[in-house]
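Printed here is my_file.cif (mmCIF, C-alpha atoms):
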```cif
data_coords
#
loop_
_atom_site.label_atom_id
_atom_site.label_comp_id
_atom_site.auth_asym_id
_atom_site.auth_seq_id
_atom_site.Cartn_x
_atom_site.Cartn_y
_atom_site.Cartn_z
CA MET Y 1 8.20 -56.66 -74.69
CA SER Y 2 5.88 -58.73 -72.49
CA LYS Y 3 2.94 -57.28 -70.61
CA LYS Y 4 4.70 -58.11 -67.35
CA GLU Y 5 7.65 -55.90 -68.25
CA GLN Y 6 5.60 -52.90 -69.41
CA PRO Y 7 4.59 -51.47 -65.98
CA TYR Y 8 8.14 -51.60 -64.70
CA THR Y 9 9.62 -50.15 -67.91
CA SER Y 10 7.17 -47.27 -67.68
CA GLN Y 11 8.13 -46.78 -64.04
CA LEU Y 12 11.84 -46.70 -64.89
CA LYS Y 13 11.22 -44.08 -67.55
CA GLY Y 14 9.44 -41.94 -64.95
CA VAL Y 15 12.33 -42.28 -62.53
CA ALA Y 16 14.84 -41.49 -65.27
CA ALA Y 17 12.91 -38.39 -66.30
CA LEU Y 18 13.00 -37.08 -62.74
CA LEU Y 19 16.61 -37.94 -62.00
CA GLY Y 20 18.06 -37.15 -65.41
CA GLU Y 21 21.57 -38.09 -66.47
CA SER Y 22 22.68 -39.00 -62.96
CA PHE Y 23 20.29 -41.97 -63.03
CA ASN Y 24 20.90 -42.92 -66.66
CA GLN Y 25 24.62 -43.19 -65.99
CA THR Y 26 23.97 -45.91 -63.40
CA GLN Y 27 22.22 -48.23 -65.85
CA SER Y 28 23.69 -51.66 -66.34
CA THR Y 29 24.01 -53.07 -69.81
CA ALA Y 30 20.82 -55.12 -69.43
CA ASN Y 31 17.44 -54.02 -68.10
CA SER Y 32 15.66 -57.36 -68.42
CA PRO Y 33 14.64 -58.97 -65.11
CA ASN Y 34 16.62 -61.71 -63.42
CA THR Y 35 15.34 -64.08 -60.76
CA VAL Y 36 17.07 -64.26 -57.39
CA ALA Y 37 16.38 -65.96 -54.07
CA ILE Y 38 14.32 -63.65 -51.85
CA ASN Y 39 16.56 -64.37 -48.83
CA LEU Y 40 19.45 -62.71 -50.69
CA ILE Y 41 17.60 -59.38 -50.79
CA LYS Y 42 18.22 -57.10 -47.81
CA LEU Y 43 16.04 -54.17 -46.80
CA PRO Y 44 17.84 -50.80 -46.65
CA PRO Y 45 18.64 -49.21 -43.26
CA SER Y 46 16.11 -46.44 -44.05
CA GLN Y 47 13.17 -46.31 -46.44
CA PRO Y 48 11.19 -43.22 -47.54
CA ARG Y 49 7.89 -45.07 -47.20
CA ARG Y 50 6.67 -45.02 -43.60
CA TYR Y 51 3.35 -46.87 -43.56
CA PHE Y 52 1.95 -49.99 -45.20
CA ASP Y 53 -1.78 -50.61 -44.94
CA PRO Y 54 -2.01 -54.16 -43.47
CA LYS Y 55 -5.25 -54.98 -45.31
CA LYS Y 56 -3.96 -53.84 -48.70
CA LEU Y 57 -0.69 -55.67 -48.10
CA GLU Y 58 -2.62 -58.85 -47.36
CA GLU Y 59 -4.64 -58.40 -50.56
CA LEU Y 60 -1.46 -57.95 -52.59
CA SER Y 61 0.05 -61.01 -50.93
CA ARG Y 62 -2.89 -63.17 -52.04
CA SER Y 63 -2.59 -61.81 -55.57
CA VAL Y 64 1.17 -62.47 -55.63
CA LYS Y 65 0.65 -66.01 -54.36
CA LYS Y 66 -1.86 -66.68 -57.14
CA LEU Y 67 -0.41 -64.72 -60.07
CA GLY Y 68 3.19 -63.91 -59.13
CA ILE Y 69 4.96 -60.53 -59.29
CA PHE Y 70 4.35 -58.64 -62.53
CA ALA Y 71 6.73 -55.72 -61.91
CA PRO Y 72 10.24 -56.81 -60.83
CA LEU Y 73 12.00 -55.32 -57.83
CA LEU Y 74 14.88 -52.92 -58.34
CA VAL Y 75 18.01 -53.95 -56.42
CA ARG Y 76 21.69 -53.09 -56.30
CA PRO Y 77 24.45 -55.65 -55.65
CA LEU Y 78 26.17 -55.90 -52.27
CA SER Y 79 29.41 -57.61 -51.39
CA GLY Y 80 29.11 -61.33 -50.70
CA GLY Y 81 26.48 -62.01 -53.33
CA ASP Y 82 23.56 -60.29 -51.55
CA TYR Y 83 21.41 -57.45 -52.90
CA GLU Y 84 19.92 -54.30 -51.36
CA LEU Y 85 16.33 -53.43 -52.20
CA VAL Y 86 16.12 -50.07 -53.95
CA ALA Y 87 12.46 -49.98 -55.05
CA GLY Y 88 9.48 -52.26 -54.56
CA GLU Y 89 9.33 -52.81 -50.80
CA ARG Y 90 5.57 -53.37 -50.84
CA ARG Y 91 5.94 -56.12 -53.46
CA TYR Y 92 8.87 -57.57 -51.50
CA ARG Y 93 6.83 -57.74 -48.30
CA ALA Y 94 3.86 -59.25 -50.12
CA ALA Y 95 6.13 -61.89 -51.73
CA SER Y 96 7.57 -62.77 -48.31
CA MET Y 97 4.07 -63.10 -46.86
CA ALA Y 98 3.06 -65.29 -49.80
CA GLY Y 99 6.00 -67.61 -49.14
CA LEU Y 100 7.80 -67.01 -52.46
CA THR Y 101 11.39 -68.23 -52.47
CA GLU Y 102 12.42 -66.37 -55.64
CA VAL Y 103 11.42 -62.99 -57.09
CA PRO Y 104 12.11 -61.15 -60.37
CA VAL Y 105 14.57 -58.29 -60.06
CA VAL Y 106 16.43 -55.74 -62.16
CA ILE Y 107 20.00 -55.32 -60.89
CA ARG Y 108 21.72 -51.94 -61.15
CA GLU Y 109 24.95 -50.45 -59.83
CA MET Y 110 24.07 -47.27 -57.90
CA ASP Y 111 25.82 -45.09 -55.35
CA ASP Y 112 24.11 -44.12 -52.09
CA ALA Y 113 22.93 -40.70 -53.28
CA ILE Y 114 21.28 -41.99 -56.45
CA THR Y 115 19.83 -44.98 -54.58
CA TYR Y 116 18.09 -42.75 -52.07
CA GLN Y 117 16.72 -40.45 -54.77
CA VAL Y 118 15.37 -43.44 -56.71
CA ARG Y 119 13.60 -44.64 -53.57
CA LEU Y 120 12.06 -41.22 -53.05
CA VAL Y 121 10.88 -40.93 -56.65
CA GLU Y 122 9.51 -44.47 -56.72
CA ASN Y 123 7.62 -43.76 -53.52
CA LEU Y 124 6.19 -40.54 -54.95
CA GLN Y 125 4.81 -42.39 -57.98
CA ARG Y 126 2.57 -44.70 -55.94
CA GLU Y 127 -1.16 -44.39 -56.60
CA ASP Y 128 -2.06 -44.92 -52.92
CA LEU Y 129 0.39 -42.31 -51.66
CA ASN Y 130 -0.57 -40.71 -48.37
CA PRO Y 131 -0.72 -36.86 -48.60
CA LEU Y 132 1.65 -36.47 -45.65
CA GLU Y 133 4.09 -39.02 -47.09
CA GLU Y 134 3.89 -37.21 -50.41
CA THR Y 135 4.61 -33.85 -48.78
CA GLU Y 136 7.57 -35.20 -46.82
CA GLY Y 137 8.89 -37.11 -49.84
CA ILE Y 138 8.79 -34.05 -52.11
CA LEU Y 139 10.55 -31.98 -49.45
CA GLU Y 140 13.26 -34.63 -49.06
CA LEU Y 141 13.76 -34.68 -52.83
CA LEU Y 142 13.99 -30.88 -52.92
CA VAL Y 143 16.55 -30.95 -50.09
CA LEU Y 144 18.72 -33.31 -52.16
CA ARG Y 145 18.28 -31.41 -55.42
CA LEU Y 146 18.82 -27.94 -53.97
CA GLU Y 147 21.49 -29.07 -51.47
CA MET Y 148 19.76 -26.99 -48.80
CA ALA Y 149 18.36 -27.70 -45.34
CA GLN Y 150 14.62 -28.40 -45.16
CA ASP Y 151 13.81 -25.11 -43.39
CA GLU Y 152 15.74 -23.25 -46.12
CA VAL Y 153 13.74 -25.05 -48.82
CA ILE Y 154 10.46 -24.16 -47.11
CA SER Y 155 11.61 -20.55 -46.71
CA HIS Y 156 12.41 -20.30 -50.42
CA LEU Y 157 9.05 -21.83 -51.38
CA ASN Y 158 7.26 -19.27 -49.20
CA ARG Y 159 9.25 -16.43 -50.77
CA MET Y 160 8.21 -17.67 -54.22
CA ARG Y 161 4.57 -17.65 -53.20
CA ASN Y 162 4.80 -14.24 -51.53
CA VAL Y 163 6.32 -12.47 -54.53
CA CYS Y 164 3.83 -14.11 -56.90
CA ASP Y 165 0.89 -13.06 -54.70
CA ARG Y 166 2.04 -9.52 -53.91
CA TYR Y 167 4.01 -8.25 -56.88
CA GLU Y 168 3.34 -7.74 -60.57
CA GLU Y 169 5.08 -10.04 -63.02
CA ASN Y 170 7.35 -7.27 -64.22
CA SER Y 171 8.44 -6.18 -60.73
CA GLU Y 172 12.14 -6.34 -59.92
CA LEU Y 173 11.75 -8.29 -56.65
CA ARG Y 174 9.55 -10.95 -58.26
CA HIS Y 175 11.99 -11.26 -61.15
CA ASN Y 176 14.95 -11.66 -58.75
CA VAL Y 177 13.27 -14.48 -56.77
CA MET Y 178 11.73 -16.31 -59.73
CA SER Y 179 14.92 -16.21 -61.80
CA GLN Y 180 17.10 -17.80 -59.13
CA PRO Y 181 18.57 -21.26 -59.91
CA GLN Y 182 16.77 -22.77 -56.90
CA THR Y 183 13.43 -21.57 -58.28
CA LYS Y 184 14.11 -23.17 -61.66
CA ILE Y 185 14.97 -26.51 -60.03
CA ILE Y 186 11.75 -26.38 -58.00
CA GLU Y 187 9.62 -25.59 -61.06
CA GLU Y 188 11.25 -28.38 -63.07
CA LEU Y 189 10.79 -30.93 -60.28
CA PHE Y 190 7.07 -30.24 -59.88
CA ALA Y 191 6.60 -30.31 -63.65
CA SER Y 192 8.33 -33.71 -63.80
CA LEU Y 193 6.28 -35.14 -60.92
CA GLY Y 194 3.05 -34.00 -62.54
CA ARG Y 195 1.11 -34.38 -59.27
CA MET Y 196 0.50 -30.73 -58.40
CA SER Y 197 1.93 -27.25 -58.92
CA TRP Y 198 4.46 -25.80 -56.52
CA GLN Y 199 1.87 -23.13 -55.65
CA SER Y 200 -0.63 -25.80 -54.59
CA PHE Y 201 2.10 -27.59 -52.62
CA VAL Y 202 2.94 -24.44 -50.64
CA LYS Y 203 -0.70 -23.51 -50.02
CA ASN Y 204 -2.26 -26.91 -49.31
CA ARG Y 205 0.51 -29.32 -48.33
CA LEU Y 206 3.13 -27.47 -46.29
CA PRO Y 207 0.51 -26.63 -43.60
CA LEU Y 208 0.22 -30.37 -42.95
CA LEU Y 209 3.66 -30.33 -41.32
CA ASN Y 210 2.38 -27.98 -38.59
CA LEU Y 211 -0.54 -30.16 -37.52
CA PRO Y 212 -0.70 -31.39 -33.89
CA PRO Y 213 1.10 -34.72 -33.28
CA ASP Y 214 -2.12 -36.69 -32.73
CA VAL Y 215 -3.54 -35.49 -36.07
CA LEU Y 216 -0.25 -36.19 -37.84
CA GLU Y 217 -0.24 -39.74 -36.50
CA VAL Y 218 -3.63 -40.71 -37.94
CA LEU Y 219 -2.90 -38.85 -41.18
CA ARG Y 220 0.41 -40.67 -41.66
CA SER Y 221 -1.26 -44.04 -41.08
CA GLY Y 222 -3.82 -43.30 -43.77
CA GLN Y 223 -6.79 -43.45 -41.39
CA ILE Y 224 -8.20 -40.07 -42.40
CA GLU Y 225 -8.14 -37.73 -45.41
CA TYR Y 226 -5.96 -34.64 -45.13
CA THR Y 227 -8.90 -32.23 -45.68
CA LYS Y 228 -10.60 -33.74 -42.62
CA ALA Y 229 -7.33 -33.64 -40.67
CA LEU Y 230 -6.88 -29.93 -41.40
CA ALA Y 231 -10.40 -29.21 -40.18
CA ILE Y 232 -10.05 -31.21 -36.94
CA ALA Y 233 -6.69 -29.58 -36.20
CA ARG Y 234 -8.54 -26.29 -35.61
CA ILE Y 235 -9.69 -27.61 -32.23
CA GLN Y 236 -7.27 -26.35 -29.61
CA ASP Y 237 -8.29 -28.57 -26.69
CA GLU Y 238 -6.29 -31.82 -27.04
CA LYS Y 239 -8.85 -34.07 -25.33
CA THR Y 240 -11.73 -32.75 -27.45
CA ARG Y 241 -9.63 -33.01 -30.62
CA LYS Y 242 -8.64 -36.62 -29.94
CA GLN Y 243 -12.27 -37.57 -29.30
CA LEU Y 244 -13.38 -36.05 -32.60
CA LEU Y 245 -10.52 -37.82 -34.39
CA GLU Y 246 -11.64 -41.14 -32.95
CA ASP Y 247 -15.27 -40.47 -33.92
CA ALA Y 248 -14.31 -39.36 -37.44
CA ILE Y 249 -12.38 -42.60 -38.00
CA ALA Y 250 -14.82 -44.97 -36.25
CA TYR Y 251 -17.94 -43.61 -37.97
CA ASN Y 252 -16.29 -42.48 -41.22
CA LEU Y 253 -17.68 -38.97 -40.77
CA SER Y 254 -17.87 -36.82 -43.89
CA LEU Y 255 -16.09 -33.45 -44.04
CA SER Y 256 -19.44 -31.62 -43.71
CA GLU Y 257 -20.33 -33.69 -40.62
CA ILE Y 258 -16.93 -32.92 -39.08
CA LYS Y 259 -17.36 -29.21 -39.76
CA ARG Y 260 -20.82 -29.30 -38.17
CA LYS Y 261 -19.41 -30.98 -35.05
CA ILE Y 262 -16.56 -28.46 -34.90
CA LYS Y 263 -19.09 -25.62 -35.06
CA GLU Y 264 -21.03 -27.19 -32.17
CA ILE Y 265 -17.81 -27.56 -30.16
CA GLU Y 266 -16.84 -23.94 -30.82
CA GLN Y 267 -20.29 -22.70 -29.78
CA GLN Y 268 -20.16 -24.77 -26.60
CA THR Y 269 -16.65 -23.50 -25.83
CA LYS Y 270 -17.79 -19.92 -26.43
CA SER Y 271 -20.79 -20.41 -24.13
CA GLU Y 272 -18.63 -21.92 -21.38
CA SER Y 273 -16.12 -19.11 -21.73
CA SER Y 274 -18.93 -16.55 -21.46
CA GLU Y 275 -20.25 -18.22 -18.30
CA GLN Y 276 -16.76 -18.25 -16.78
CA THR Y 277 -16.33 -14.56 -17.62
CA GLU Y 278 -19.71 -13.76 -16.08
CA SER Y 279 -18.83 -15.72 -12.91
CA ALA Y 280 -15.50 -13.93 -12.68
CA SER Y 281 -17.28 -10.60 -13.09
CA ILE Y 282 -19.72 -11.38 -10.26
CA LYS Y 283 -16.85 -12.44 -7.99
CA GLU Y 284 -15.04 -9.19 -8.69
CA ARG Y 285 -18.20 -7.21 -7.85
CA VAL Y 286 -18.59 -9.11 -4.57
CA ASP Y 287 -14.94 -8.52 -3.63
CA ASN Y 288 -15.16 -4.83 -4.49
CA THR Y 289 -18.46 -4.42 -2.61
CA PHE Y 290 -17.11 -6.01 0.56
CA GLN Y 291 -13.98 -3.88 0.39
CA ARG Y 292 -16.11 -0.75 0.15
CA PHE Y 293 -18.52 -2.09 2.77
CA LYS Y 294 -15.75 -2.43 5.35
CA LYS Y 295 -14.82 1.21 4.84
CA ALA Y 296 -18.43 2.52 4.82
CA LYS Y 297 -20.11 3.98 7.95
CA VAL Y 298 -23.33 1.99 7.69
CA TRP Y 299 -23.01 0.86 11.33
CA ASP Y 300 -23.96 4.29 12.60
CA ASP Y 301 -27.29 4.29 10.74
CA PRO Y 302 -29.86 1.97 12.43
CA LYS Y 303 -31.94 1.57 9.23
CA LYS Y 304 -28.91 0.64 7.14
CA LYS Y 305 -27.65 -1.65 9.88
CA SER Y 306 -30.98 -3.50 9.87
CA LYS Y 307 -30.83 -3.98 6.10
CA VAL Y 308 -27.25 -5.27 6.36
CA GLU Y 309 -28.35 -7.85 8.93
CA LYS Y 310 -31.13 -9.07 6.63
CA LEU Y 311 -28.75 -9.29 3.63
CA LEU Y 312 -26.18 -11.21 5.67
CA ALA Y 313 -28.87 -13.65 6.78
CA GLN Y 314 -29.87 -14.19 3.15
CA LEU Y 315 -26.23 -14.80 2.12
CA GLU Y 316 -25.72 -17.25 4.96
CA ALA Y 317 -28.89 -19.12 3.99
CA LEU Y 318 -27.80 -19.17 0.35
CA MET Y 319 -24.46 -20.70 1.23
CA LYS Y 320 -26.10 -23.37 3.39
CA THR Y 321 -28.11 -24.62 0.39
CA GLU Y 322 -24.92 -25.44 -1.62
#
```
Written as structure tokens, how would this file's structure read?
Amino acid sequence: MSKKEQPYTSQLKGVAALLGESFNQTQSTANSPNTVAINLIKLPPSQPRRYFDPKKLEELSRSVKKLGIFAPLLVRPLSGGDYELVAGERRYRAASMAGLTEVPVVIREMDDAITYQVRLVENLQREDLNPLEETEGILELLVLRLEMAQDEVISHLNRMRNVCDRYEENSELRHNVMSQPQTKIIEELFASLGRMSWQSFVKNRLPLLNLPPDVLEVLRSGQIEYTKALAIARIQDEKTRKQLLEDAIAYNLSLSEIKRKIKEIEQQTKSESSEQTESASIKERVDNTFQRFKKAKVWDDPKKKSKVEKLLAQLEALMKTE
């Protein structure tokens, strides 16, 4: 086997391990790469990967132009002699940018369900995978494996975590949840992926889905690390949060610097809130005093009347200075 074939063969073994027999049954008789015209390869209607870093894509394009494509693309045949790209979109885009007219491919017959799962798995095995993409990809794969809606998958994952955190290993409720077929499939999938445990996924990754839209946008585009995104998401005021996001990206702020800025923002917000509360309290006192004043019989007492006149003069003078 040549060195060029080794990375792709290893990748196929990883995909096969995750998809099991359903993927192995789709194998054609030959796994060795063929060469086809790049204009015969069509991109799929939907692709699990959502973002390509333009700079990294340009770097790969220069490498492809100079050295060629080491790992062939995975395609499936379409009617009319064309092919649909199954895995390797980044390499495909780089080859197109480099002006290649032909690319190495491995051709396999696959139905739609297997094709989509292969795309998900291939995407999850990337080294530069974005944490949000990874989270969404794993969830999509779980939806397919468990044949459940995404909210049902998340609900089951949370139940698994709750019983593990709250109940002893020999408790009946924990046993009932952890022995369910869905639980076994989840445990096997995370073991096959080898990226993290399901416990870590529930604790650290599922919260990413609840981030504000502006934070999700920069996280999906790979402009900021997810630990920084989680910290910035604590800021409730949208305008303040967006400004900190922009500063964190523009100046490449560290997590400790971001936390320090968040603390300053929280202290300022607390101070402003305290001042507003104090102002509201003074206004209430003034309103209450004037209400009582109208009902009081200070007009009959000359001394009190004189003091009232002086106080009114002071208030009028105070208002004129505004």
Check the smallest atom-to-atom distance from each of Y:Leu40, Y:Ala98, Y:Cys164, Y:Leu193 to Gln125 of chain Y using all atoms listed in the file, then report the winner.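 Closest candidate: Y:Leu193.
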Result set, the PyMOL selection byres ((chain Y and resi 72) around 6) on current file, as a VMD selection string: chain Y and resid 71 73 104 to 105
Give me, please, the distance in Å between atom CA of Gln267 of chain Y and atom CA of Arg285 of chain Y, quoted to one decimal.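 These atoms are spaced 26.9 Å apart.
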Counting only C-alpha atoms, which of Y:Asn34, Y:Arg145, Y:Ile154, Y:Ala248 gets nearest to Leu189 of chain Y?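 Using only C-alpha atoms, Leu189 of chain Y sits closest to Y:Arg145.
Take atom CA of Val286 of chain Y and atom CA of Pro302 of chain Y: the distance between them is 23.2 Å.
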With distances taken over all atoms listed in the file, which of Y:Thr227, Y:Thr35, Y:Ser179, Y:Gln291 is nearest to Val106 of chain Y?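 Looking only at the distances to Val106 of chain Y, the closest residue turns out to be Y:Thr35.
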For the provided coordinates, the residues matched by the PyMOL selection byres ((chain Y and resi 216) around 12) should be stated as an MDAnalysis selection string. chainID Y and resid 130:133 136 207:215 217:226 228:230 232:233 242 245
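Using the PyMOL selection byres ((chain Y and resi 158) around 12) on this structure selects Asp151, Glu152, Val153, Ile154, Ser155, His156, Leu157, Arg159, Met160, Arg161, Asn162, Val163, Cys164, Asp165, Val177, Met178, Thr183, Trp198, Gln199, Ser200, Phe201, Val202, Lys203, Leu206 and Pro207 of chain Y.
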So which residues fall inside 9 Å of (1.0, -67.5, -53.7) if we count all atoms listed in the file? Mind giving them as a CSV table (one decimal) with C-alpha atoms, in the coordinates of the input?
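Result file part.csv:
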```
chain,number,residue,atom,x,y,z
Y,61,SER,CA,0.0,-61.0,-50.9
Y,62,ARG,CA,-2.9,-63.2,-52.0
Y,63,SER,CA,-2.6,-61.8,-55.6
Y,64,VAL,CA,1.2,-62.5,-55.6
Y,65,LYS,CA,0.6,-66.0,-54.4
Y,66,LYS,CA,-1.9,-66.7,-57.1
Y,67,LEU,CA,-0.4,-64.7,-60.1
Y,68,GLY,CA,3.2,-63.9,-59.1
Y,95,ALA,CA,6.1,-61.9,-51.7
Y,97,MET,CA,4.1,-63.1,-46.9
Y,98,ALA,CA,3.1,-65.3,-49.8
Y,99,GLY,CA,6.0,-67.6,-49.1
Y,100,LEU,CA,7.8,-67.0,-52.5
```
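For the choices Y:Ala94, Y:Leu173, Y:Ile249, Y:Leu312, the atom-to-atom distance to Ile69 of chain Y is smallest for Y:Ala94 when using only C-alpha atoms.
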Rounded to one decimal in Å, what is the spacing between atom CA of Tyr167 of chain Y and atom CA of Met196 of chain Y? 22.8 Å
Under the rule that all atoms listed in the file are counted, which of Y:Ala313, Y:Asp301, Y:Asn204, Y:Ser96 is the nearest residue to Thr135 of chain Y? Y:Asn204
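Using only C-alpha atoms for every distance, the candidate list Y:Leu315, Y:Ala231, Y:Ala296, Y:Leu144 yields Y:Ala231 as the residue closest to Ser256 of chain Y.
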Neighbouring residues of Leu142 of chain Y were defined as those with any atom within 9 Å, considering only C-alpha atoms; residues of the same chain fewer than 5 positions away were excluded. Please report them as a JSON list (two decimals) with C-alpha atoms, in the frame of the given file.
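What follows is the written file result.json:
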```
[["chain", "number", "residue", "atom", "x", "y", "z"],
["Y", 137, "GLY", "CA", 8.89, -37.11, -49.84],
["Y", 147, "GLU", "CA", 21.49, -29.07, -51.47],
["Y", 148, "MET", "CA", 19.76, -26.99, -48.80],
["Y", 150, "GLN", "CA", 14.62, -28.40, -45.16],
["Y", 153, "VAL", "CA", 13.74, -25.05, -48.82],
["Y", 185, "ILE", "CA", 14.97, -26.51, -60.03],
["Y", 186, "ILE", "CA", 11.75, -26.38, -58.00],
["Y", 189, "LEU", "CA", 10.79, -30.93, -60.28]]
```
Could you list, as number ranges by chain, every residue within 9 Å of Ile235 of chain Y, counting all atoms listed in the file and ignoring same-chain residues fewer than 6 positions away? Y: 241, 262, 265-266
